[in-house]
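Colleague: Take a look at this one; I'll ask things after.
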Amino acid sequence: QVQLVESGGGLVQTGGSLRLSCAASGNIFSNNVMGWYRQAPGKQRELVASIPSNGSPNYAASVKGRFTISRDNAKNTVYLQMNSLKPEDTALYYCNVIVFSDRTYRYWGQGTQVTVSS
């Protein structure tokens, strides 16, 4: 069983920065995609950024150029560096891991709150 533990959320002013971390415990195998989603009140959950175990990162248009996703495979950890934060980035951010083995498994973290004040 894979468990995801997120950290790094908080309250920041417009233009500030935060770094989210998500550590995966358990076997996520070598073929996987790690990513971050977010959900603001009254809105659907949306993909923010993702990065495959072998491949290039993918970003939502709204965060491209401001956010950077990276991963440390030795630590099974994914990071989201968020710069130039805006009030519209306020949301609950969820870590997500998709594991490809005998079949596809999807795991979610508990969520970490990011609040950007104007």
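Naming works like this for the structure tokens: A, B, ... for the chains as they're shown, residue 1 at the start of each chain, ligands 1 onward in shown order.
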What's the 9 Å shell around A:Asn83, counting only C-alpha atoms, without same-chain residues fewer than 5 positions away, as a list in words?
Modeller: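 With the cut-off at 9 Å, the set is Gly15, Gly16, Ser17, Leu18, Arg19, Gly65, Arg66, Phe67 and Thr68 of chain A.
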Colleague: Extract, using only C-alpha atoms, all DNA, RNA and protein residues at most 6 Å from A:Ala49, discarding same-chain residues fewer than 6 positions from it, and format them as a tab-separated table (two decimals) with N, CA, C and O atoms, in the first residue's frame.
Modeller:
```tsv
chain	number	residue	atom	x	y	z
A	35	GLY	N	2.48	13.88	-9.33
A	35	GLY	CA	1.95	15.18	-9.70
A	35	GLY	C	1.22	15.87	-8.57
A	35	GLY	O	1.09	15.34	-7.47
A	36	TRP	N	0.76	17.06	-8.90
A	36	TRP	CA	0.00	17.89	-7.96
A	36	TRP	C	-1.29	18.35	-8.63
A	36	TRP	O	-1.29	18.79	-9.79
A	58	ASN	N	4.82	18.36	-17.09
A	58	ASN	CA	3.67	18.94	-17.76
A	58	ASN	C	3.02	19.93	-16.79
A	58	ASN	O	2.90	19.63	-15.60
A	59	TYR	N	2.63	21.11	-17.31
A	59	TYR	CA	2.06	22.15	-16.45
A	59	TYR	C	0.73	22.65	-16.97
A	59	TYR	O	0.52	22.71	-18.19
```
Colleague: For A:Pro41, which residue among A:Ser117, A:Asp89, A:Ser101, A:Gly10 is the nearest when counting only C-alpha atoms?
Modeller: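 Of A:Ser117, A:Asp89, A:Ser101, A:Gly10, the one nearest A:Pro41 is A:Asp89, counting only C-alpha atoms.
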Colleague: Go ahead and compute the interatomic distance for atom CA of A:Ala60 and atom CA of A:Thr104, in Å to one decimal.
Modeller: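 Distance between the two atoms: 23.0 Å.
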Colleague: Let me make sure I understand: among A:Gln44, A:Ser25, A:Gln3, A:Ser53, which one has the smallest atom-to-atom distance to A:Phe100 if we use only C-alpha atoms?
Modeller: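 Among the listed residues, A:Ser53 lies closest to A:Phe100.
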Colleague: When DSSP works through the backbone of this structure, what residues of stretch 4-111 of chain A end up as strand (DSSP E), shown as a ChimeraX atom specification?
Modeller: /A:4-7,10-13,18-25,32-39,46-52,58-59,67-72,77-82,91-100,104-108
Colleague: Could you check which of A:Ala61, A:Val116, A:Val12, A:Val99 is closest to A:Gly26, using only C-alpha atoms?
Modeller: A:Val99
Colleague: Can you tell me, as a PyMOL selection string, what residues are no more than 10 Å from A:Val114 when counting only C-alpha atoms, ignoring any on the same chain fewer than 2 positions away?
Modeller: chain A and resi 8-12+18+20+38+40+85+87+89-93+111-112+116-117
Colleague: Which residues, written as an MDAnalysis selection string, have at least one atom at most 9 Å from A:Gln110, with only C-alpha atoms counted and residues fewer than 4 positions away on the same chain left out?
Modeller: chainID A and resid 4:6 93:95
Colleague: Could you list, as number ranges by chain, every residue within 12 Å of A:Tyr105, counting only C-alpha atoms and ignoring same-chain residues fewer than 2 positions away?
Modeller: A: 1-2, 27-29, 31-34, 96-103, 107-108
Colleague: Which one is closest to A:Cys22: A:Ser50, A:Thr77, A:Ser84, A:Ser118? Count only C-alpha atoms.
Modeller: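 Among the listed residues, the smallest separation from A:Cys22 belongs to A:Thr77.
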Colleague: If I take atom CA of A:Glu88 and atom CA of A:Thr14, how far is one from the other in Å, to one decimal?
Modeller: 9.7 Å
